[in-house]
Amino acid sequence: MPDIAGVTQSNPWDDVGSAGVVPERTATVRDVHLSSGEVLERVDVVYETLGTLSPARDNVVLVCHALSGDAHVAGRRESDPGVVGWWDAFVGPGKAIDTDHYFVVASNVLGGCSGTTGPSSIDPRTGKPYGLDFPIVTIEDMVEIQARLLDSLGIDRLLAVVGGSMGGMQALAWAKQHPQRVASVLGIATTWRLAAQAIAFNEVGRTAILGDSAFADGAYYGGPQPKHGLAIARMIGHITYLSDESMREKFGRRLRDRDEHAFEFVSEFEVESYLAYQGRRFTERFDANTYLYMTKAMDYFDLIGQDGTLADALRGTPSRWLVLSFSSDWLFPTYQSRELVDALRCIGARVSYAEIPSPYGHDAFLLEPEQQYRYISSFLSSVLAEEREEAPR
Amino acid sequence: MTAAELLRSDLRRIIELVPEGARVLDLGCGDGALMAHLRDTRGCEVRGIELDADRIASAIGRGLSVVQADLDAGLGAYDAAAFDVVVLSQTLQVVRRPAYLLREMLRVGERSILTFPNFGHWRVRGYLALRGRMPVSRSIPYSWYDTPNIHHTTLTDFRDFVAANGGSIEREIPLHVAGPDRDAYVQRFMPNLFADTALAVVRNA
């Protein structure tokens, strides 16, 4: 069993509320049967843990990342002390997911490009990167890999599974796939299935990548990368993560580095250079094939599956639920969270729900720690208290 | 002082009326004080609906399940008779469509318990009659222009309202919440005149 001790306690970069230096770890799971029917003989899973596992192993919180996230949820890596994890404002001592109380596990999803086996990994059968030979993965497959990771860590039960956006889809899938292993589910800015609009944006992103002249049927590793297509996909993504209000506030119609229009097709408005910058930066850290696989997994996700109604699909999930949505999120709109909440209410599940007022659109789940703190921290602490009350002594 | 004694007096009366182990839906549940009490002392299975974010967070901290929703949108998520008891305390007067809400309560609950300020109370009547101003009292403490209370009723009006919407009043308990409950006798004698607050248990007619 791998070492799952807590984070390093004393380090030169420790600031208040930081989870400190968090090492990256890798586990290996074998013989993985996927929803598509295909089998992966070996999957490496990159993960990190924060906080301390209680002796009763009853304080584990699994945090699932979104489309472009990774296993590095909070704190810093020794190798890259200037960069904090993607949800650092939410995870750490005294934060919404308080690492003084909870043992946080976060891993890079199956099909990802930040260490866990995905299309950019070497296919043992050929000795070359998988590319498009990598099997299509689903949200459910990602959950199975996480379950296997937890098995290897000796963790049977989760106090909570938490995720925003695509991470929230994983949290929902956990409740359905492993109801006995999950005490509570926190779905933030998420949905039980994408509507046509979100699938449409995903398809435009994929079309940009597939149409890039460097794409080479996904076998571009070692050669020129389809950076142009991936950057366009990211630009579209960023537009959908913001809102009309947040874009007006952030950029307005301001020009960058000039006072007058150039009367040329160059980047002039601040919003243009912002998108160009975000697109470019993304291509430096993200794999275009993984973008295809992640968006396809999201498009396929539908909690109903073979069941008749959403309520039927959720029946038998004993978990407690907290669902949060954001008023200006038009990519994962509030009405979809309400559909989930209504289905849970319909079956008598213990669900709490709030719509958080925010101008930041879908990105609000990353940007509004104060507003989410009161819900998340009070929810987790009450679930932990209840678990300990119910546990046989 | 026990936890129950710290509760508002109308909530204490509600607790007495809820059977052990009942499934209870508390509409406008606030910070969940009533729900927590019903859960802890009567073993009830409780759910709440509330609009205010701070109160929802407090209720969640008590381990309660509270959904942010607007009562004016109805209780569509729930099946018929999903609850034994539906509680609406001091909230009937603030909703936009009281008749719709009452019908919804009668649909999802076997019984509904409502409390509301009685606009027929003698102080209220006297205030308007003698001063010629919209009444402001301890149980109705708002000026007309900033009150959340948009549908005031009297106990007599309430009886007609329930009958007109397919309900029947099983029990009616006149209360005096603004101060000690000393006028018990006169409240029973002429409740619409002497109760500042009314509690009614309503079920389908």
# chains A, B, ... in the order shown; residues from 1 in each chain; ligands from 1
call {"tool": "interface_residues", "arguments": {"of": "chain A", "to": "chain B", "cutoff": "12 Å", "atoms": "only C-alpha atoms", "output": "ChimeraX atom specification"}}
result
/A:184,311,319-325,334-335,337-357,371-387
call {"tool": "select_by_dssp", "arguments": {"residues": "stretch 56-206 of chain A", "states": "alpha helix (DSSP H)", "output": "PyMOL selection string"}}
result
chain A and resi 139-153+166-177+196-206
call {"tool": "write_last_selection", "arguments": {"atoms": "C-alpha atoms", "output": "mmCIF file, in the first residue's frame"}}
result
data_model
loop_
_atom_site.group_PDB
_atom_site.id
_atom_site.type_symbol
_atom_site.label_atom_id
_atom_site.label_comp_id
_atom_site.auth_asym_id
_atom_site.auth_seq_id
_atom_site.Cartn_x
_atom_site.Cartn_y
_atom_site.Cartn_z
ATOM 1 C CA ILE A 139 -17.531 9.794 -16.566
ATOM 2 C CA GLU A 140 -18.442 6.392 -15.129
ATOM 3 C CA ASP A 141 -15.039 5.030 -16.183
ATOM 4 C CA MET A 142 -13.321 7.933 -14.432
ATOM 5 C CA VAL A 143 -15.265 7.058 -11.277
ATOM 6 C CA GLU A 144 -14.233 3.395 -11.512
ATOM 7 C CA ILE A 145 -10.584 4.410 -11.671
ATOM 8 C CA GLN A 146 -11.058 6.638 -8.613
ATOM 9 C CA ALA A 147 -12.755 3.758 -6.780
ATOM 10 C CA ARG A 148 -9.841 1.486 -7.622
ATOM 11 C CA LEU A 149 -7.392 4.141 -6.430
ATOM 12 C CA LEU A 150 -9.246 4.355 -3.114
ATOM 13 C CA ASP A 151 -9.209 0.560 -2.861
ATOM 14 C CA SER A 152 -5.448 0.666 -3.169
ATOM 15 C CA LEU A 153 -5.291 3.296 -0.414
ATOM 16 C CA MET A 166 -17.306 17.903 -15.002
ATOM 17 C CA GLY A 167 -16.045 17.109 -11.491
ATOM 18 C CA GLY A 168 -19.644 17.408 -10.303
ATOM 19 C CA MET A 169 -20.690 14.880 -12.936
ATOM 20 C CA GLN A 170 -18.211 12.462 -11.367
ATOM 21 C CA ALA A 171 -19.640 13.192 -7.928
ATOM 22 C CA LEU A 172 -23.150 12.408 -9.199
ATOM 23 C CA ALA A 173 -21.935 9.244 -10.902
ATOM 24 C CA TRP A 174 -20.280 8.160 -7.641
ATOM 25 C CA ALA A 175 -23.627 8.319 -5.850
ATOM 26 C CA LYS A 176 -25.209 6.091 -8.460
ATOM 27 C CA GLN A 177 -22.329 3.650 -8.944
ATOM 28 C CA ALA A 196 -27.815 20.732 -26.473
ATOM 29 C CA GLN A 197 -26.181 24.118 -26.001
ATOM 30 C CA ALA A 198 -23.247 22.768 -24.010
ATOM 31 C CA ILE A 199 -22.803 19.815 -26.377
ATOM 32 C CA ALA A 200 -22.792 22.329 -29.229
ATOM 33 C CA PHE A 201 -19.950 24.320 -27.705
ATOM 34 C CA ASN A 202 -18.003 21.110 -27.084
ATOM 35 C CA GLU A 203 -18.485 20.115 -30.706
ATOM 36 C CA VAL A 204 -17.192 23.466 -31.973
ATOM 37 C CA GLY A 205 -14.092 22.991 -29.826
ATOM 38 C CA ARG A 206 -13.560 19.484 -31.141
#
call {"tool": "select_by_dssp", "arguments": {"residues": "stretch 11-181 of chain A", "states": "strand (DSSP E or B)", "output": "PyMOL selection string"}}
result
chain A and resi 21+25-33+39-50+60-64+76-77+80-84+91-92+97-98+103-107+122-123+128-129+158+160-164
call {"tool": "write_last_selection", "arguments": {"atoms": "N, CA and C atoms", "output": "short mmCIF file (atom, residue, chain, number, x, y, z; two decimals), in the first residue's frame"}}
result
data_model
loop_
_atom_site.label_atom_id
_atom_site.label_comp_id
_atom_site.auth_asym_id
_atom_site.auth_seq_id
_atom_site.Cartn_x
_atom_site.Cartn_y
_atom_site.Cartn_z
N VAL A 21 3.33 22.13 1.10
CA VAL A 21 3.89 21.38 -0.02
C VAL A 21 3.19 20.02 -0.09
N ARG A 25 1.73 11.82 -6.25
CA ARG A 25 1.93 10.38 -6.12
C ARG A 25 1.32 9.66 -7.31
N THR A 26 1.71 8.43 -7.48
CA THR A 26 1.15 7.64 -8.57
C THR A 26 0.76 6.26 -8.06
N ALA A 27 -0.41 5.81 -8.47
CA ALA A 27 -0.83 4.44 -8.18
C ALA A 27 -1.11 3.77 -9.52
N THR A 28 -1.07 2.46 -9.52
CA THR A 28 -1.34 1.73 -10.76
C THR A 28 -2.49 0.77 -10.55
N VAL A 29 -3.47 0.83 -11.45
CA VAL A 29 -4.55 -0.16 -11.40
C VAL A 29 -4.52 -0.94 -12.71
N ARG A 30 -4.92 -2.20 -12.62
CA ARG A 30 -4.79 -3.08 -13.79
C ARG A 30 -6.13 -3.66 -14.19
N ASP A 31 -6.19 -4.04 -15.46
CA ASP A 31 -7.34 -4.77 -15.97
C ASP A 31 -8.63 -3.95 -15.77
N VAL A 32 -8.65 -2.80 -16.41
CA VAL A 32 -9.78 -1.88 -16.25
C VAL A 32 -10.78 -2.09 -17.39
N HIS A 33 -11.98 -2.48 -17.04
CA HIS A 33 -13.03 -2.70 -18.04
C HIS A 33 -13.84 -1.41 -18.20
N VAL A 39 -10.86 -2.86 -22.80
CA VAL A 39 -10.13 -3.13 -21.56
C VAL A 39 -8.78 -2.43 -21.61
N LEU A 40 -8.44 -1.74 -20.56
CA LEU A 40 -7.09 -1.18 -20.43
C LEU A 40 -6.34 -2.04 -19.43
N GLU A 41 -5.21 -2.58 -19.88
CA GLU A 41 -4.50 -3.50 -19.00
C GLU A 41 -3.83 -2.80 -17.84
N ARG A 42 -3.41 -1.57 -18.08
CA ARG A 42 -2.72 -0.85 -17.01
C ARG A 42 -3.08 0.64 -17.08
N VAL A 43 -3.47 1.18 -15.95
CA VAL A 43 -3.73 2.61 -15.86
C VAL A 43 -2.94 3.17 -14.69
N ASP A 44 -2.09 4.13 -14.98
CA ASP A 44 -1.41 4.85 -13.91
C ASP A 44 -2.29 6.02 -13.49
N VAL A 45 -2.44 6.22 -12.21
CA VAL A 45 -3.28 7.30 -11.70
C VAL A 45 -2.42 8.24 -10.86
N VAL A 46 -2.32 9.47 -11.29
CA VAL A 46 -1.61 10.46 -10.50
C VAL A 46 -2.59 11.09 -9.51
N TYR A 47 -2.15 11.19 -8.27
CA TYR A 47 -3.05 11.75 -7.25
C TYR A 47 -2.25 12.48 -6.19
N GLU A 48 -2.97 13.23 -5.36
CA GLU A 48 -2.34 13.82 -4.19
C GLU A 48 -3.30 13.68 -3.02
N THR A 49 -2.74 13.72 -1.81
CA THR A 49 -3.58 13.70 -0.62
C THR A 49 -3.18 14.87 0.26
N LEU A 50 -4.17 15.42 0.98
CA LEU A 50 -3.92 16.53 1.89
C LEU A 50 -4.61 16.23 3.21
N VAL A 60 -12.59 11.05 4.79
CA VAL A 60 -12.03 11.18 3.44
C VAL A 60 -12.96 11.97 2.53
N VAL A 61 -12.41 13.00 1.92
CA VAL A 61 -13.16 13.80 0.94
C VAL A 61 -12.46 13.66 -0.40
N LEU A 62 -13.18 13.13 -1.37
CA LEU A 62 -12.62 13.00 -2.72
C LEU A 62 -13.02 14.23 -3.53
N VAL A 63 -12.02 14.92 -4.07
CA VAL A 63 -12.30 16.11 -4.89
C VAL A 63 -12.04 15.75 -6.35
N CYS A 64 -13.05 15.96 -7.19
CA CYS A 64 -12.95 15.61 -8.61
C CYS A 64 -12.77 16.88 -9.44
N ARG A 76 1.21 23.52 -2.82
CA ARG A 76 2.23 23.72 -3.85
C ARG A 76 3.03 22.44 -4.04
N ARG A 77 3.61 22.34 -5.21
CA ARG A 77 4.57 21.26 -5.45
C ARG A 77 5.97 21.80 -5.15
N ASP A 80 7.53 23.28 -8.12
CA ASP A 80 6.95 24.46 -8.75
C ASP A 80 6.27 25.32 -7.69
N PRO A 81 7.07 25.86 -6.76
CA PRO A 81 6.49 26.50 -5.57
C PRO A 81 5.70 27.77 -5.88
N GLY A 82 5.83 28.31 -7.08
CA GLY A 82 5.10 29.54 -7.40
C GLY A 82 3.66 29.30 -7.79
N VAL A 83 3.27 28.04 -7.97
CA VAL A 83 1.93 27.75 -8.48
C VAL A 83 1.14 26.97 -7.43
N VAL A 84 -0.07 27.43 -7.14
CA VAL A 84 -0.92 26.69 -6.20
C VAL A 84 -1.91 25.84 -7.00
N VAL A 91 -9.50 24.54 -0.51
CA VAL A 91 -8.96 23.36 0.19
C VAL A 91 -7.69 23.75 0.94
N GLY A 92 -7.70 23.58 2.24
CA GLY A 92 -6.53 23.92 3.05
C GLY A 92 -6.97 24.14 4.48
N ILE A 97 -13.05 23.24 2.60
CA ILE A 97 -12.71 21.83 2.85
C ILE A 97 -11.44 21.86 3.68
N ASP A 98 -11.65 21.79 4.99
CA ASP A 98 -10.61 22.10 5.96
C ASP A 98 -9.70 20.88 6.15
N PHE A 103 -9.38 14.43 5.24
CA PHE A 103 -8.30 13.85 4.44
C PHE A 103 -8.76 13.92 2.98
N VAL A 104 -8.12 14.81 2.23
CA VAL A 104 -8.56 15.08 0.87
C VAL A 104 -7.76 14.24 -0.12
N VAL A 105 -8.46 13.59 -1.01
CA VAL A 105 -7.82 12.84 -2.09
C VAL A 105 -8.26 13.46 -3.41
N ALA A 106 -7.31 13.73 -4.29
CA ALA A 106 -7.63 14.26 -5.61
C ALA A 106 -6.77 13.55 -6.62
N SER A 107 -7.36 13.15 -7.75
CA SER A 107 -6.58 12.46 -8.77
C SER A 107 -6.88 13.04 -10.14
N ILE A 122 1.95 6.20 -23.36
CA ILE A 122 2.48 5.18 -24.27
C ILE A 122 1.58 3.94 -24.26
N ASP A 123 1.16 3.54 -25.41
CA ASP A 123 0.39 2.30 -25.56
C ASP A 123 1.37 1.14 -25.49
N LYS A 128 4.18 3.35 -28.70
CA LYS A 128 3.97 4.76 -29.11
C LYS A 128 2.78 5.33 -28.34
N PRO A 129 2.65 6.67 -28.32
CA PRO A 129 1.47 7.23 -27.65
C PRO A 129 0.17 6.71 -28.28
N LEU A 158 -16.28 7.13 1.56
CA LEU A 158 -16.00 8.56 1.43
C LEU A 158 -16.98 9.34 2.30
N ALA A 160 -17.33 12.45 1.74
CA ALA A 160 -17.96 13.26 0.70
C ALA A 160 -17.20 13.11 -0.60
N VAL A 161 -17.93 13.18 -1.69
CA VAL A 161 -17.30 13.33 -2.99
C VAL A 161 -17.76 14.67 -3.53
N VAL A 162 -16.78 15.49 -3.91
CA VAL A 162 -17.02 16.89 -4.23
C VAL A 162 -16.53 17.17 -5.64
N GLY A 163 -17.30 17.93 -6.40
CA GLY A 163 -16.79 18.34 -7.70
C GLY A 163 -17.61 19.45 -8.30
N GLY A 164 -16.94 20.27 -9.11
CA GLY A 164 -17.61 21.32 -9.86
C GLY A 164 -17.57 20.98 -11.34
#
call {"tool": "atom_distance", "arguments": {"atom1": "atom CA of B:Arg111", "atom2": "atom CA of B:Asn149"}}
result
24.2 Å
call {"tool": "atom_distance", "arguments": {"atom1": "atom CA of B:Leu199", "atom2": "atom CA of B:Arg8"}}
result
13.0 Å
call {"tool": "residues_around", "arguments": {"residues": "A:Ser120", "least_positions_apart": "3", "cutoff": "10 Å", "atoms": "only C-alpha atoms", "output": "MDAnalysis selection string"}}
result
chainID A and resid 111:117 123 128:132 134 218:221 287:290
call {"tool": "write_last_selection", "arguments": {"atoms": "C-alpha atoms", "output": "PDB file, in the first residue's frame"}}
result
ATOM      1  CA  GLY A 111      -7.937  10.050 -20.217  1.00  0.00           C
ATOM      2  CA  GLY A 112      -6.272  13.117 -18.724  1.00  0.00           C
ATOM      3  CA  CYS A 113      -2.928  14.591 -19.651  1.00  0.00           C
ATOM      4  CA  SER A 114      -1.461  15.426 -16.252  1.00  0.00           C
ATOM      5  CA  GLY A 115       0.019  12.079 -15.340  1.00  0.00           C
ATOM      6  CA  THR A 116      -2.906   9.674 -15.400  1.00  0.00           C
ATOM      7  CA  THR A 117      -3.045   7.334 -18.373  1.00  0.00           C
ATOM      8  CA  ASP A 123       0.391   2.304 -25.563  1.00  0.00           C
ATOM      9  CA  LYS A 128       3.970   4.756 -29.113  1.00  0.00           C
ATOM     10  CA  PRO A 129       1.468   7.234 -27.647  1.00  0.00           C
ATOM     11  CA  TYR A 130      -2.117   5.984 -27.903  1.00  0.00           C
ATOM     12  CA  GLY A 131      -3.478   9.007 -29.724  1.00  0.00           C
ATOM     13  CA  LEU A 132      -6.944   8.181 -31.024  1.00  0.00           C
ATOM     14  CA  PHE A 134      -7.056   5.314 -26.730  1.00  0.00           C
ATOM     15  CA  GLY A 218      -4.264  12.402 -33.287  1.00  0.00           C
ATOM     16  CA  ALA A 219      -0.766  11.021 -33.945  1.00  0.00           C
ATOM     17  CA  TYR A 220       0.923  14.397 -33.621  1.00  0.00           C
ATOM     18  CA  TYR A 221       3.177  13.502 -30.696  1.00  0.00           C
ATOM     19  CA  ASP A 287      -3.138  17.837 -24.757  1.00  0.00           C
ATOM     20  CA  ALA A 288      -5.519  18.285 -27.683  1.00  0.00           C
ATOM     21  CA  ASN A 289      -6.531  14.614 -27.695  1.00  0.00           C
ATOM     22  CA  THR A 290      -7.404  14.774 -24.011  1.00  0.00           C
TER      23      THR A 290
END
